[in-house]
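Take a look at the structure set out below.
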There are 2 protein chains.
Amino acid sequence: VTRIIDITRPLRGDMEVYPGDPPVSVTPMVLGGARVSALQLGSHTGTHVDAPLHFVEGGYGVDELPLDALVGEVVVSRQVLPAERLLLFDGNLSVDDAQELVDHGLRLVGTDRITIEEEGGDHPVHKLLLGAGVVILETLDLSAVEPGTYQLVCLPLKVEGCDGAPARAILIAP
Amino acid sequence: VTRIIDITRPLRGDMEVYPGDPPVSVTPMVLGGARVSALQLGSHTGTHVDAPLHFVEGGYGVDELPLDALVGEVVVSRQVLPAERLLLFDGNLSVDDAQELVDHGLRLVGTDRITIEEEGGDHPVHKLLLGAGVVILETLDLSAVEPGTYQLVCLPLKVEGCDGAPARAILIAP
């Protein structure tokens, strides 16, 4: 029996967002006897994926991220270590870390923080990773996860030509 | 080598939506040197999942759908046949079909049409399925899929207490 761990934070109308990001709203209505809702949110709200277009002029959008980077074996760790897919507890990357990971074949990196690098700078880590085609996954919920190796499935909304998108991400434990 | 087939339709600002549904908009902006976008869409826009709350008063929301219904073996077929998870090409269900599938342990049913039942009625099939806790997945793109058995991963946005949500869905072929 496989065990599925949801590593996605919930989206809700009153949630805190990154300064300047569009606010989140969820507005239920009744339509033809059914309940439906109007949703407003930012492309980098909650658990989300960054596409190259977030920082790279002319980069591709979230709908063109390779699915074989978003799906596959992942290492969940407190330390930075070489892996094809790496999720960090309470961690972010320096430029040197990022370059070394890229040199070792990194395809996806994630964190439970709201950003993969120290805030306040000119985003050199984002630019390095996205320029190298690495998928960045931010604002995860890793509170129910033990360090180890899992199967990751990270599926962002398929928003055409968009700089990023909210995602649902799960770990499948052996 | 596994093959991943994306069965999700893209979301974009000018896309057609179900009559009365909120329109879709994707509005890019620049924020702190980064490109981010404001997204507006309906909870049942594009490839999406229906939660019980869509039709069942007091039913649970999309964030509470069991992940082990959304992930697992699926039969993709032109005919209605008993399965735990069933995706139909250009098909929908009658009330009798739906009842028989539920009796045989159906947990998820999907279609590449915009709705799982004939339009114009009082939605008896939706009410039956959602009342039985079956996940409904609508507006798939099955154009690149051959009939057969696959692993399905269908991950809707985790919108707290919402009647449904846009989803990204993939098939993993053996």
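Naming works like this for the structure tokens: A, B, ... for the chains as they're shown, residue 1 at the start of each chain, ligands 1 onward in shown order.
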
(request) Please return, as an MDAnalysis selection string, all residues of chain A lying within 9 Å of chain B when only C-alpha atoms are considered. (result) chainID A and resid 3:6 8:13 20:23 26 28 31:44 53:56 63 67:68 71 122:123 153:170

(message) Taking 6 positions as the minimum chain separation for residues in the same chain, which residues sit within 8 Å of stretch 93-95 of chain B when counting only C-alpha atoms? Answer as JSON, numbers by chain.
(response) {"B": [80, 116, 117, 118, 124, 125, 128]}

Just write the chosen residues, all heavy atoms, as a PDB file, in the first residue's frame.
ATOM      1  N   VAL B  80     -18.894   2.512 -21.395  1.00  0.00           N
ATOM      2  CA  VAL B  80     -19.040   2.484 -19.944  1.00  0.00           C
ATOM      3  C   VAL B  80     -18.781   1.065 -19.468  1.00  0.00           C
ATOM      4  O   VAL B  80     -19.389   0.110 -19.965  1.00  0.00           O
ATOM      5  CB  VAL B  80     -20.464   2.930 -19.538  1.00  0.00           C
ATOM      6  CG1 VAL B  80     -20.658   2.814 -18.030  1.00  0.00           C
ATOM      7  CG2 VAL B  80     -20.721   4.366 -20.007  1.00  0.00           C
ATOM      8  N   ILE B 116     -20.521  15.518 -17.422  1.00  0.00           N
ATOM      9  CA  ILE B 116     -20.642  14.062 -17.368  1.00  0.00           C
ATOM     10  C   ILE B 116     -22.069  13.590 -17.646  1.00  0.00           C
ATOM     11  O   ILE B 116     -22.325  12.391 -17.756  1.00  0.00           O
ATOM     12  CB  ILE B 116     -20.135  13.537 -15.996  1.00  0.00           C
ATOM     13  CG1 ILE B 116     -19.906  12.032 -15.990  1.00  0.00           C
ATOM     14  CG2 ILE B 116     -21.084  13.935 -14.856  1.00  0.00           C
ATOM     15  CD1 ILE B 116     -18.796  11.555 -16.855  1.00  0.00           C
ATOM     16  N   GLU B 117     -23.030  14.533 -17.812  1.00  0.00           N
ATOM     17  CA  GLU B 117     -24.394  14.089 -18.136  1.00  0.00           C
ATOM     18  C   GLU B 117     -25.010  15.007 -19.184  1.00  0.00           C
ATOM     19  O   GLU B 117     -24.542  16.114 -19.417  1.00  0.00           O
ATOM     20  CB  GLU B 117     -25.275  14.032 -16.886  1.00  0.00           C
ATOM     21  CG  GLU B 117     -25.662  15.370 -16.282  1.00  0.00           C
ATOM     22  CD  GLU B 117     -26.395  15.181 -14.953  1.00  0.00           C
ATOM     23  OE1 GLU B 117     -27.433  14.513 -14.925  1.00  0.00           O
ATOM     24  OE2 GLU B 117     -25.902  15.707 -13.939  1.00  0.00           O
ATOM     25  N   GLU B 118     -26.047  14.534 -19.825  1.00  0.00           N
ATOM     26  CA  GLU B 118     -26.770  15.346 -20.790  1.00  0.00           C
ATOM     27  C   GLU B 118     -27.181  16.663 -20.140  1.00  0.00           C
ATOM     28  O   GLU B 118     -27.654  16.692 -19.005  1.00  0.00           O
ATOM     29  CB  GLU B 118     -28.037  14.623 -21.291  1.00  0.00           C
ATOM     30  CG  GLU B 118     -27.771  13.445 -22.200  1.00  0.00           C
ATOM     31  CD  GLU B 118     -27.089  13.834 -23.513  1.00  0.00           C
ATOM     32  OE1 GLU B 118     -27.246  14.982 -23.974  1.00  0.00           O
ATOM     33  OE2 GLU B 118     -26.393  12.974 -24.070  1.00  0.00           O
ATOM     34  N   PRO B 124     -29.350  14.933 -12.343  1.00  0.00           N
ATOM     35  CA  PRO B 124     -29.470  13.754 -11.476  1.00  0.00           C
ATOM     36  C   PRO B 124     -28.185  12.923 -11.394  1.00  0.00           C
ATOM     37  O   PRO B 124     -27.919  12.317 -10.348  1.00  0.00           O
ATOM     38  CB  PRO B 124     -30.604  12.942 -12.131  1.00  0.00           C
ATOM     39  CG  PRO B 124     -30.628  13.396 -13.553  1.00  0.00           C
ATOM     40  CD  PRO B 124     -30.260  14.853 -13.508  1.00  0.00           C
ATOM     41  N   VAL B 125     -27.410  12.899 -12.465  1.00  0.00           N
ATOM     42  CA  VAL B 125     -26.181  12.088 -12.457  1.00  0.00           C
ATOM     43  C   VAL B 125     -25.132  12.719 -11.535  1.00  0.00           C
ATOM     44  O   VAL B 125     -24.479  12.029 -10.744  1.00  0.00           O
ATOM     45  CB  VAL B 125     -25.643  11.902 -13.896  1.00  0.00           C
ATOM     46  CG1 VAL B 125     -24.302  11.185 -13.874  1.00  0.00           C
ATOM     47  CG2 VAL B 125     -26.656  11.138 -14.750  1.00  0.00           C
ATOM     48  N   LEU B 128     -26.247  12.041  -7.988  1.00  0.00           N
ATOM     49  CA  LEU B 128     -26.022  10.644  -7.602  1.00  0.00           C
ATOM     50  C   LEU B 128     -24.539  10.399  -7.317  1.00  0.00           C
ATOM     51  O   LEU B 128     -24.169   9.857  -6.265  1.00  0.00           O
ATOM     52  CB  LEU B 128     -26.520   9.736  -8.733  1.00  0.00           C
ATOM     53  CG  LEU B 128     -26.642   8.231  -8.485  1.00  0.00           C
ATOM     54  CD1 LEU B 128     -27.558   7.610  -9.536  1.00  0.00           C
ATOM     55  CD2 LEU B 128     -25.303   7.515  -8.486  1.00  0.00           C
TER      56      LEU B 128
END

If we count only C-alpha atoms and set the cut-off at 8 Å, which residues sit around B:Glu73, ignoring sequence neighbours fewer than 2 positions away in its own chain? Please answer as a PDB file with N, CA, C and O atoms, in the first residue's frame.
ATOM      1  N   VAL B  71      -5.596   9.459  -7.441  1.00  0.00           N
ATOM      2  CA  VAL B  71      -4.332   8.861  -7.888  1.00  0.00           C
ATOM      3  C   VAL B  71      -4.496   7.346  -7.933  1.00  0.00           C
ATOM      4  O   VAL B  71      -4.894   6.743  -6.925  1.00  0.00           O
ATOM      5  N   VAL B  75      -9.063   3.237 -16.148  1.00  0.00           N
ATOM      6  CA  VAL B  75      -9.397   2.672 -17.461  1.00  0.00           C
ATOM      7  C   VAL B  75      -9.896   3.807 -18.348  1.00  0.00           C
ATOM      8  O   VAL B  75     -10.787   4.566 -17.948  1.00  0.00           O
ATOM      9  N   GLU B  84     -12.648   1.209 -10.965  1.00  0.00           N
ATOM     10  CA  GLU B  84     -12.531   2.101  -9.818  1.00  0.00           C
ATOM     11  C   GLU B  84     -12.401   3.552 -10.311  1.00  0.00           C
ATOM     12  O   GLU B  84     -12.924   4.481  -9.715  1.00  0.00           O
ATOM     13  N   ARG B  85     -11.652   3.687 -11.413  1.00  0.00           N
ATOM     14  CA  ARG B  85     -11.510   5.001 -12.069  1.00  0.00           C
ATOM     15  C   ARG B  85     -11.733   4.796 -13.554  1.00  0.00           C
ATOM     16  O   ARG B  85     -11.138   3.897 -14.156  1.00  0.00           O
ATOM     17  N   THR B 149      -5.333   0.966 -20.030  1.00  0.00           N
ATOM     18  CA  THR B 149      -5.177   1.139 -18.589  1.00  0.00           C
ATOM     19  C   THR B 149      -3.894   1.918 -18.308  1.00  0.00           C
ATOM     20  O   THR B 149      -2.851   1.627 -18.889  1.00  0.00           O
ATOM     21  N   TYR B 150      -4.021   2.906 -17.457  1.00  0.00           N
ATOM     22  CA  TYR B 150      -2.919   3.813 -17.126  1.00  0.00           C
ATOM     23  C   TYR B 150      -2.916   4.061 -15.623  1.00  0.00           C
ATOM     24  O   TYR B 150      -3.844   3.665 -14.916  1.00  0.00           O
ATOM     25  N   GLN B 151      -1.880   4.772 -15.155  1.00  0.00           N
ATOM     26  CA  GLN B 151      -1.920   5.377 -13.837  1.00  0.00           C
ATOM     27  C   GLN B 151      -2.368   6.833 -14.013  1.00  0.00           C
ATOM     28  O   GLN B 151      -1.770   7.581 -14.794  1.00  0.00           O
ATOM     29  N   LEU B 152      -3.395   7.197 -13.270  1.00  0.00           N
ATOM     30  CA  LEU B 152      -3.901   8.573 -13.308  1.00  0.00           C
ATOM     31  C   LEU B 152      -3.369   9.342 -12.113  1.00  0.00           C
ATOM     32  O   LEU B 152      -3.333   8.818 -10.987  1.00  0.00           O
TER      33      LEU B 152
END

Chain B superposed on chain A over all ordered C-alpha pairs, least squares: can you write that as a tab-separated table (two decimals) with C-alpha atoms, in the first residue's frame?
chain	number	residue	atom	x	y	z
B	1	VAL	CA	0.01	0.01	0.00
B	2	THR	CA	1.45	3.34	-0.99
B	3	ARG	CA	1.02	6.39	1.19
B	4	ILE	CA	0.30	9.77	-0.37
B	5	ILE	CA	1.39	12.91	1.50
B	6	ASP	CA	-0.09	16.22	0.43
B	7	ILE	CA	2.63	18.89	0.56
B	8	THR	CA	0.37	21.70	-0.68
B	9	ARG	CA	-0.80	24.60	1.45
B	10	PRO	CA	-4.52	25.38	1.19
B	11	LEU	CA	-5.73	28.43	-0.72
B	12	ARG	CA	-8.36	30.63	0.94
B	13	GLY	CA	-9.74	34.12	0.64
B	14	ASP	CA	-8.10	35.60	3.71
B	15	MET	CA	-4.65	34.08	3.24
B	16	GLU	CA	-1.50	36.13	3.47
B	17	VAL	CA	0.25	36.78	0.16
B	18	TYR	CA	3.71	37.98	-0.81
B	19	PRO	CA	3.85	41.79	-0.59
B	20	GLY	CA	2.42	43.29	-3.79
B	21	ASP	CA	0.92	40.02	-5.03
B	22	PRO	CA	-2.75	40.01	-6.04
B	23	PRO	CA	-5.02	39.12	-3.09
B	24	VAL	CA	-6.86	35.80	-3.03
B	25	SER	CA	-10.63	35.68	-3.20
B	26	VAL	CA	-13.07	32.77	-3.39
B	27	THR	CA	-16.62	33.93	-4.12
B	28	PRO	CA	-19.32	31.24	-4.13
B	29	MET	CA	-22.47	31.74	-6.19
B	30	VAL	CA	-25.40	29.61	-7.34
B	31	LEU	CA	-25.65	28.91	-11.07
B	32	GLY	CA	-28.38	26.70	-12.53
B	33	GLY	CA	-28.91	24.94	-9.22
B	34	ALA	CA	-25.20	24.28	-8.73
B	35	ARG	CA	-22.71	25.95	-6.46
B	36	VAL	CA	-19.74	27.41	-8.35
B	37	SER	CA	-17.11	29.92	-7.25
B	38	ALA	CA	-15.20	32.79	-8.80
B	39	LEU	CA	-11.51	32.53	-7.95
B	40	GLN	CA	-8.93	35.31	-7.93
B	41	LEU	CA	-5.31	34.70	-7.06
B	42	GLY	CA	-1.76	35.43	-8.14
B	43	SER	CA	0.32	33.11	-10.27
B	44	HIS	CA	2.82	32.79	-7.37
B	45	THR	CA	0.30	32.41	-4.56
B	46	GLY	CA	0.49	29.60	-2.01
B	47	THR	CA	2.29	26.46	-3.09
B	48	HIS	CA	3.40	27.35	-6.61
B	49	VAL	CA	5.88	26.80	-9.40
B	50	ASP	CA	8.08	29.44	-11.04
B	51	ALA	CA	8.53	29.22	-14.82
B	52	PRO	CA	11.50	30.78	-16.64
B	53	LEU	CA	9.28	33.68	-17.77
B	54	HIS	CA	9.10	34.79	-14.10
B	55	PHE	CA	12.61	36.25	-14.46
B	56	VAL	CA	13.93	35.39	-17.93
B	57	GLU	CA	12.87	37.74	-20.72
B	58	GLY	CA	11.42	35.59	-23.50
B	59	GLY	CA	11.58	32.47	-21.30
B	60	TYR	CA	8.91	29.83	-21.61
B	61	GLY	CA	5.75	29.64	-19.55
B	62	VAL	CA	4.47	27.27	-16.89
B	63	ASP	CA	2.46	25.29	-19.47
B	64	GLU	CA	5.72	24.31	-21.18
B	65	LEU	CA	7.54	23.01	-18.12
B	66	PRO	CA	8.62	19.44	-18.83
B	67	LEU	CA	6.38	16.97	-17.01
B	68	ASP	CA	9.32	14.62	-16.51
B	69	ALA	CA	10.95	17.28	-14.31
B	70	LEU	CA	7.76	17.68	-12.27
B	71	VAL	CA	7.26	13.95	-11.75
B	72	GLY	CA	9.85	11.53	-10.39
B	73	GLU	CA	12.17	10.63	-7.55
B	74	VAL	CA	12.86	13.43	-5.08
B	75	VAL	CA	15.13	13.82	-2.07
B	76	VAL	CA	13.64	15.67	0.90
B	77	SER	CA	16.45	17.00	3.07
B	78	ARG	CA	17.57	19.50	5.67
B	79	GLN	CA	20.87	19.91	3.84
B	80	VAL	CA	21.70	20.92	0.30
B	81	LEU	CA	22.89	17.84	-1.57
B	82	PRO	CA	23.10	16.86	-5.22
B	83	ALA	CA	19.90	15.36	-6.62
B	84	GLU	CA	17.75	15.55	-9.73
B	85	ARG	CA	14.88	16.80	-7.55
B	86	LEU	CA	15.48	18.29	-4.09
B	87	LEU	CA	13.04	19.65	-1.49
B	88	LEU	CA	14.51	21.61	1.42
B	89	PHE	CA	13.10	21.95	4.92
B	90	ASP	CA	13.24	25.59	6.02
B	91	GLY	CA	16.00	26.19	3.54
B	92	ASN	CA	17.08	28.28	0.63
B	93	LEU	CA	20.01	28.36	-1.74
B	94	SER	CA	23.05	30.58	-2.16
B	95	VAL	CA	24.29	31.29	-5.68
B	96	ASP	CA	27.16	28.85	-5.10
B	97	ASP	CA	24.78	26.12	-3.91
B	98	ALA	CA	22.54	26.68	-6.90
B	99	GLN	CA	25.43	26.56	-9.38
B	100	GLU	CA	26.77	23.35	-7.86
B	101	LEU	CA	23.33	21.71	-7.95
B	102	VAL	CA	22.85	22.74	-11.57
B	103	ASP	CA	26.27	21.32	-12.42
B	104	HIS	CA	25.13	18.03	-10.87
B	105	GLY	CA	21.96	17.79	-12.97
B	106	LEU	CA	19.31	19.49	-10.80
B	107	ARG	CA	15.93	19.67	-12.57
B	108	LEU	CA	13.61	20.80	-9.73
B	109	VAL	CA	14.18	22.39	-6.33
B	110	GLY	CA	11.60	23.21	-3.69
B	111	THR	CA	11.32	24.79	-0.28
B	112	ASP	CA	8.68	25.25	2.39
B	113	ARG	CA	9.77	28.89	2.65
B	114	ILE	CA	8.08	31.49	0.48
B	115	THR	CA	11.20	31.91	-1.65
B	116	ILE	CA	14.22	29.79	-2.61
B	117	GLU	CA	16.70	32.61	-1.89
B	118	GLU	CA	17.33	35.29	0.70
B	119	GLU	CA	14.99	38.20	0.14
B	120	GLY	CA	16.09	41.73	-0.64
B	121	GLY	CA	18.58	41.18	-3.46
B	122	ASP	CA	18.33	41.13	-7.22
B	123	HIS	CA	17.19	37.49	-7.29
B	124	PRO	CA	20.44	35.97	-8.60
B	125	VAL	CA	19.46	32.44	-7.53
B	126	HIS	CA	16.11	32.60	-9.32
B	127	LYS	CA	17.83	33.91	-12.44
B	128	LEU	CA	20.48	31.23	-12.34
B	129	LEU	CA	18.02	28.36	-11.78
B	130	LEU	CA	15.36	29.53	-14.22
B	131	GLY	CA	18.01	30.34	-16.82
B	132	ALA	CA	19.25	26.75	-16.48
B	133	GLY	CA	15.71	25.38	-16.91
B	134	VAL	CA	15.34	24.27	-13.29
B	135	VAL	CA	11.78	24.24	-11.92
B	136	ILE	CA	11.39	26.16	-8.64
B	137	LEU	CA	8.68	25.06	-6.21
B	138	GLU	CA	7.98	27.39	-3.29
B	139	THR	CA	5.76	27.65	-0.18
B	140	LEU	CA	5.40	23.92	0.33
B	141	ASP	CA	3.97	22.34	3.45
B	142	LEU	CA	6.58	19.80	4.57
B	143	SER	CA	5.29	19.54	8.14
B	144	ALA	CA	4.11	15.93	7.69
B	145	VAL	CA	7.23	14.75	5.86
B	146	GLU	CA	10.29	12.92	7.17
B	147	PRO	CA	13.61	13.39	5.36
B	148	GLY	CA	14.10	10.72	2.73
B	149	THR	CA	13.42	9.69	-0.85
B	150	TYR	CA	9.94	9.77	-2.36
B	151	GLN	CA	8.15	9.99	-5.67
B	152	LEU	CA	7.12	13.58	-6.32
B	153	VAL	CA	4.16	14.63	-8.43
B	154	CYS	CA	3.98	18.41	-8.72
B	155	LEU	CA	1.24	19.61	-11.07
B	156	PRO	CA	0.86	23.36	-11.66
B	157	LEU	CA	-2.23	24.76	-13.37
B	158	LYS	CA	-1.70	24.76	-17.13
B	159	VAL	CA	-1.96	28.52	-17.68
B	160	GLU	CA	-0.80	29.28	-21.21
B	161	GLY	CA	2.32	31.43	-21.41
B	162	CYS	CA	2.20	32.32	-17.72
B	163	ASP	CA	5.21	33.15	-15.49
B	164	GLY	CA	4.19	30.56	-12.91
B	165	ALA	CA	1.12	28.93	-11.43
B	166	PRO	CA	-0.35	27.60	-8.22
B	167	ALA	CA	0.29	23.87	-7.98
B	168	ARG	CA	-0.84	20.82	-6.14
B	169	ALA	CA	2.09	18.72	-5.05
B	170	ILE	CA	2.16	15.28	-3.46
B	171	LEU	CA	4.77	12.82	-2.30
B	172	ILE	CA	4.22	9.11	-2.77
B	173	ALA	CA	6.01	7.12	-0.08
B	174	PRO	CA	7.21	3.60	-0.82

(request) Could you give me the residues within stretch 5-70 of chain A that DSSP places in alpha helix (DSSP H), as an NGL selection string? (result) :A and (67-70)

(request) Return as a VMD selection string the full set of residues in stretch 83-168 of chain A whose backbone-based DSSP assignment is strand (DSSP E). (result) chain A and resid 85 to 88 108 to 111 135 to 138 148 to 156 164 to 168
